[in-house]
Amino acid sequence: MVTGLTANRRFPLGRIGLTAIVLLAMLSGTASCQEVVSTAEAPAAAAAHPDFDHGGGHADPVTPLLLGLVLILFSAKVGGALMVRLKQPAVLGELLVGVLMGNAILAGYDGFEFLRAPSVEAHGASATAVATTLDMLARIGVILLLFEVGLESNLGDMRRVGASAFLVAILGVVAPMILGWFVGKWFLPDESWHVHLFLGATLCATSVGITARVLKDLGKTDLKESQIVLGAAVIDDVMGLIVLAVVQAIIVKGTASLEEVAVITGKAVGFLVGAVVLGEYLFPHVYKLMARLRVHGMMTVTGLLVCFLLAWVAALVGLAPIVGAFAAGLILDERHYRALQLHDHDSMEEKVIPITTMLVPIFFVMMGFTVDLRSFANTTVLGLAAALTIAAIIGKQVCAFGPIERGLDRLSIGIGMIPRGEVGLIFAAIGAELKIDGQPVVSPAINTAIVVMVMVTTLITPPLLGWSMSRTRTVTTAA
């Protein structure tokens, strides 16, 4: 759909937007007007009225979910198409569409509210099930996105830029943490050092999902700069989660022993090393075994099995599932699964694309849906939020000094490390739950400032990275 709209330059942006608004209003109006029968009530109604399931089909509890998928996927593609026509990455359109849908209630329109996770009393069990299911699909979507990016990357290339990626990740953790600490000391002098420490830890995060999607939209995942950014973002995620675990222990217990730090770090390093070893020596035998089943679709199923397994193991050792998914894609080499190609002639990347095309946009729309524009109206926290955002951006620009290779686009590397995205939201949620002597360590106002920082860094990265990468291409072409 994006390709068709891009090719037809005579079709004006205003007409695209107007058509989309009318269709979305009609669909969401249907959702808000129809009486949704809850999962618990549907069987009883069907028993009392044998023809109940045939009277329009709305009694089936899956129908609100189907409508939700229509709204999200359609709006995601329209938003992506508009951004592509404006020479911006499609993911920016998906995020902004989610922001508009999530904040339509501020304008008095509640047609999209059945997509939001509500209380059971407010909308009923069926609406809760819809929101929960969409959340699960979104989480699977970002896992598959990182799996796809890993498939498009090469383990050998990642090893060659490993030193640069590691240095970039180190700088991307240390610099923002120091800046976050000083921002806390300056703006919150009356708060305890626990708050300052947590603010520093929050700025360590990097959302590899946002950057990975932008690089995919731009077709730049094979560049050396992209390999460094992706490798560094994954390492940064691992290190950020280690820092968060240590800071959490310090805040709750008052200290973190070297033994605790060693255990947390050992799990992370052990997982990554183990994944590479499995990829080289064990998984090729698994592929050969699966090929003997001689069933159509085994390549797709085998790839998803490896992806979901390593994502699960990553979560088991305390890492983000997306780290495991990226590792799974990275270690799946075509020479390993060649036996499966006797029955499925396409590559693993081509098999995964139809699945990610559906699920990945759900993640970005739902991420935009969580943005509450009312946070920007809270003047008491805007100063802190602005300072945290500036520190978050500058802290990641220090990453530009990390790569040891010459002739790289260091600005793009620094920009690619900016977004906090879902990782930053996880940090914010943990901070809101931390308590000492029954009192929250992070107040609601400070938590709001953190969320605003996450929102801004997430939304500015796609256009900035698109501009930076395009600037590099233009300069290279001119040269």
# chains A, B, ... in the order shown; residues from 1 in each chain; ligands from 1
>>> select_by_dssp(residues="segment 206-451 of chain A", states="strand (DSSP E)", output="NGL selection string")
:A and (435-436 or 439-440)
>>> write_last_selection(atoms="N, CA and C atoms", output="PDB file, in the first residue's frame")
ATOM      1  N   LYS A 435       9.889   1.494  46.463  1.00  0.00           N
ATOM      2  CA  LYS A 435       9.508   2.180  47.702  1.00  0.00           C
ATOM      3  C   LYS A 435      10.539   1.927  48.792  1.00  0.00           C
ATOM      4  N   ILE A 436      10.714   2.941  49.656  1.00  0.00           N
ATOM      5  CA  ILE A 436      11.556   2.816  50.850  1.00  0.00           C
ATOM      6  C   ILE A 436      10.716   3.260  52.036  1.00  0.00           C
ATOM      7  N   GLN A 439       7.283   4.571  51.231  1.00  0.00           N
ATOM      8  CA  GLN A 439       7.166   5.770  50.416  1.00  0.00           C
ATOM      9  C   GLN A 439       7.811   5.535  49.051  1.00  0.00           C
ATOM     10  N   PRO A 440       7.160   5.987  47.959  1.00  0.00           N
ATOM     11  CA  PRO A 440       7.740   5.787  46.628  1.00  0.00           C
ATOM     12  C   PRO A 440       9.033   6.576  46.467  1.00  0.00           C
TER      13      PRO A 440
END
>>> residues_around(residues="Gly329 of chain A", least_positions_apart="6", cutoff="10 Å", atoms="only C-alpha atoms", output="PyMOL selection string")
chain A and resi 144-155+279+303-304+306-307+310+348-349
>>> write_last_selection(atoms="C-alpha atoms", output="mmCIF file, in the first residue's frame")
data_model
loop_
_atom_site.group_PDB
_atom_site.id
_atom_site.type_symbol
_atom_site.label_atom_id
_atom_site.label_comp_id
_atom_site.auth_asym_id
_atom_site.auth_seq_id
_atom_site.Cartn_x
_atom_site.Cartn_y
_atom_site.Cartn_z
ATOM 1 C CA LEU A 144 9.904 -10.638 15.509
ATOM 2 C CA LEU A 145 11.222 -7.251 14.372
ATOM 3 C CA LEU A 146 14.498 -7.843 16.196
ATOM 4 C CA PHE A 147 14.582 -11.401 14.875
ATOM 5 C CA GLU A 148 14.194 -10.083 11.324
ATOM 6 C CA VAL A 149 16.908 -7.471 11.869
ATOM 7 C CA GLY A 150 19.177 -10.181 13.229
ATOM 8 C CA LEU A 151 18.531 -12.300 10.131
ATOM 9 C CA GLU A 152 19.512 -9.381 7.912
ATOM 10 C CA SER A 153 22.696 -8.888 9.916
ATOM 11 C CA ASN A 154 25.737 -11.088 9.618
ATOM 12 C CA LEU A 155 27.531 -12.577 12.608
ATOM 13 C CA GLY A 279 24.091 -21.323 16.616
ATOM 14 C CA GLY A 303 12.971 -20.119 12.538
ATOM 15 C CA LEU A 304 10.115 -19.044 14.816
ATOM 16 C CA VAL A 306 14.516 -20.714 17.537
ATOM 17 C CA CYS A 307 13.415 -17.077 17.893
ATOM 18 C CA LEU A 310 15.972 -17.791 22.751
ATOM 19 C CA MET A 348 14.396 -17.290 6.147
ATOM 20 C CA GLU A 349 14.139 -13.501 5.814
#
>>> decode(residues="segment 68-84 of chain A", atoms="all heavy atoms", output="mmCIF file, in the first residue's frame")
data_model
loop_
_atom_site.group_PDB
_atom_site.id
_atom_site.type_symbol
_atom_site.label_atom_id
_atom_site.label_comp_id
_atom_site.auth_asym_id
_atom_site.auth_seq_id
_atom_site.Cartn_x
_atom_site.Cartn_y
_atom_site.Cartn_z
ATOM 1 N N GLY A 68 -10.455 -4.025 15.954
ATOM 2 C CA GLY A 68 -9.262 -3.341 16.453
ATOM 3 C C GLY A 68 -8.076 -3.507 15.517
ATOM 4 O O GLY A 68 -7.334 -2.558 15.252
ATOM 5 N N LEU A 69 -7.908 -4.715 14.985
ATOM 6 C CA LEU A 69 -6.817 -4.968 14.044
ATOM 7 C C LEU A 69 -7.011 -4.174 12.753
ATOM 8 O O LEU A 69 -6.042 -3.651 12.177
ATOM 9 C CB LEU A 69 -6.724 -6.465 13.734
ATOM 10 C CG LEU A 69 -6.220 -7.356 14.868
ATOM 11 C CD1 LEU A 69 -6.344 -8.831 14.487
ATOM 12 C CD2 LEU A 69 -4.766 -7.025 15.210
ATOM 13 N N VAL A 70 -8.266 -4.078 12.298
ATOM 14 C CA VAL A 70 -8.547 -3.284 11.098
ATOM 15 C C VAL A 70 -8.154 -1.825 11.325
ATOM 16 O O VAL A 70 -7.474 -1.197 10.502
ATOM 17 C CB VAL A 70 -10.036 -3.391 10.710
ATOM 18 C CG1 VAL A 70 -10.383 -2.370 9.625
ATOM 19 C CG2 VAL A 70 -10.361 -4.796 10.226
ATOM 20 N N LEU A 71 -8.574 -1.265 12.460
ATOM 21 C CA LEU A 71 -8.267 0.133 12.762
ATOM 22 C C LEU A 71 -6.765 0.366 12.848
ATOM 23 O O LEU A 71 -6.236 1.327 12.277
ATOM 24 C CB LEU A 71 -8.928 0.531 14.088
ATOM 25 C CG LEU A 71 -10.449 0.672 14.083
ATOM 26 C CD1 LEU A 71 -10.967 0.801 15.510
ATOM 27 C CD2 LEU A 71 -10.866 1.888 13.265
ATOM 28 N N ILE A 72 -6.069 -0.519 13.562
ATOM 29 C CA ILE A 72 -4.633 -0.325 13.788
ATOM 30 C C ILE A 72 -3.840 -0.505 12.503
ATOM 31 O O ILE A 72 -3.000 0.343 12.147
ATOM 32 C CB ILE A 72 -4.141 -1.296 14.880
ATOM 33 C CG1 ILE A 72 -4.706 -0.887 16.240
ATOM 34 C CG2 ILE A 72 -2.614 -1.324 14.930
ATOM 35 C CD1 ILE A 72 -4.415 -1.868 17.345
ATOM 36 N N LEU A 73 -4.094 -1.595 11.775
ATOM 37 C CA LEU A 73 -3.303 -1.874 10.573
ATOM 38 C C LEU A 73 -3.584 -0.840 9.479
ATOM 39 O O LEU A 73 -2.666 -0.379 8.793
ATOM 40 C CB LEU A 73 -3.586 -3.289 10.076
ATOM 41 C CG LEU A 73 -3.107 -4.409 10.996
ATOM 42 C CD1 LEU A 73 -3.535 -5.770 10.454
ATOM 43 C CD2 LEU A 73 -1.595 -4.369 11.163
ATOM 44 N N PHE A 74 -4.847 -0.482 9.314
ATOM 45 C CA PHE A 74 -5.182 0.505 8.285
ATOM 46 C C PHE A 74 -4.546 1.857 8.606
ATOM 47 O O PHE A 74 -3.910 2.491 7.754
ATOM 48 C CB PHE A 74 -6.701 0.644 8.161
ATOM 49 C CG PHE A 74 -7.128 1.731 7.217
ATOM 50 C CD1 PHE A 74 -7.007 1.572 5.846
ATOM 51 C CD2 PHE A 74 -7.646 2.934 7.705
ATOM 52 C CE1 PHE A 74 -7.395 2.585 4.969
ATOM 53 C CE2 PHE A 74 -8.037 3.943 6.843
ATOM 54 C CZ PHE A 74 -7.909 3.766 5.471
ATOM 55 N N SER A 75 -4.724 2.311 9.839
ATOM 56 C CA SER A 75 -4.168 3.617 10.214
ATOM 57 C C SER A 75 -2.642 3.590 10.166
ATOM 58 O O SER A 75 -2.009 4.594 9.793
ATOM 59 C CB SER A 75 -4.645 4.015 11.619
ATOM 60 O OG SER A 75 -4.279 3.035 12.577
ATOM 61 N N ALA A 76 -2.028 2.443 10.526
ATOM 62 C CA ALA A 76 -0.568 2.332 10.480
ATOM 63 C C ALA A 76 -0.057 2.491 9.062
ATOM 64 O O ALA A 76 0.930 3.197 8.808
ATOM 65 C CB ALA A 76 -0.127 0.989 11.059
ATOM 66 N N LYS A 77 -0.718 1.847 8.106
ATOM 67 C CA LYS A 77 -0.267 1.926 6.720
ATOM 68 C C LYS A 77 -0.497 3.315 6.128
ATOM 69 O O LYS A 77 0.325 3.821 5.365
ATOM 70 C CB LYS A 77 -0.982 0.863 5.879
ATOM 71 C CG LYS A 77 -0.543 -0.559 6.199
ATOM 72 C CD LYS A 77 0.964 -0.691 6.101
ATOM 73 C CE LYS A 77 1.439 -2.072 6.480
ATOM 74 N NZ LYS A 77 2.916 -2.172 6.469
ATOM 75 N N VAL A 78 -1.634 3.945 6.479
ATOM 76 C CA VAL A 78 -1.883 5.300 5.991
ATOM 77 C C VAL A 78 -0.857 6.267 6.579
ATOM 78 O O VAL A 78 -0.274 7.098 5.867
ATOM 79 C CB VAL A 78 -3.312 5.756 6.342
ATOM 80 C CG1 VAL A 78 -3.497 7.242 6.036
ATOM 81 C CG2 VAL A 78 -4.329 4.938 5.555
ATOM 82 N N GLY A 79 -0.622 6.151 7.885
ATOM 83 C CA GLY A 79 0.377 7.007 8.522
ATOM 84 C C GLY A 79 1.760 6.787 7.944
ATOM 85 O O GLY A 79 2.504 7.740 7.690
ATOM 86 N N GLY A 80 2.119 5.525 7.711
ATOM 87 C CA GLY A 80 3.410 5.222 7.107
ATOM 88 C C GLY A 80 3.524 5.777 5.701
ATOM 89 O O GLY A 80 4.566 6.311 5.300
ATOM 90 N N ALA A 81 2.429 5.680 4.927
ATOM 91 C CA ALA A 81 2.431 6.195 3.555
ATOM 92 C C ALA A 81 2.628 7.710 3.532
ATOM 93 O O ALA A 81 3.381 8.245 2.713
ATOM 94 C CB ALA A 81 1.124 5.814 2.853
ATOM 95 N N LEU A 82 1.949 8.399 4.441
ATOM 96 C CA LEU A 82 2.091 9.857 4.506
ATOM 97 C C LEU A 82 3.520 10.258 4.836
ATOM 98 O O LEU A 82 4.075 11.198 4.252
ATOM 99 C CB LEU A 82 1.123 10.427 5.551
ATOM 100 C CG LEU A 82 -0.363 10.349 5.211
ATOM 101 C CD1 LEU A 82 -1.202 10.779 6.401
ATOM 102 C CD2 LEU A 82 -0.685 11.222 3.998
ATOM 103 N N MET A 83 4.141 9.545 5.782
ATOM 104 C CA MET A 83 5.517 9.875 6.153
ATOM 105 C C MET A 83 6.492 9.579 5.021
ATOM 106 O O MET A 83 7.451 10.328 4.800
ATOM 107 C CB MET A 83 5.914 9.091 7.412
ATOM 108 C CG MET A 83 5.248 9.586 8.689
ATOM 109 S SD MET A 83 5.622 11.339 9.064
ATOM 110 C CE MET A 83 4.032 12.091 8.654
ATOM 111 N N VAL A 84 6.265 8.489 4.303
ATOM 112 C CA VAL A 84 7.136 8.162 3.179
ATOM 113 C C VAL A 84 7.068 9.256 2.122
ATOM 114 O O VAL A 84 8.089 9.650 1.537
ATOM 115 C CB VAL A 84 6.752 6.792 2.571
ATOM 116 C CG1 VAL A 84 7.449 6.567 1.226
ATOM 117 C CG2 VAL A 84 7.141 5.676 3.531
#
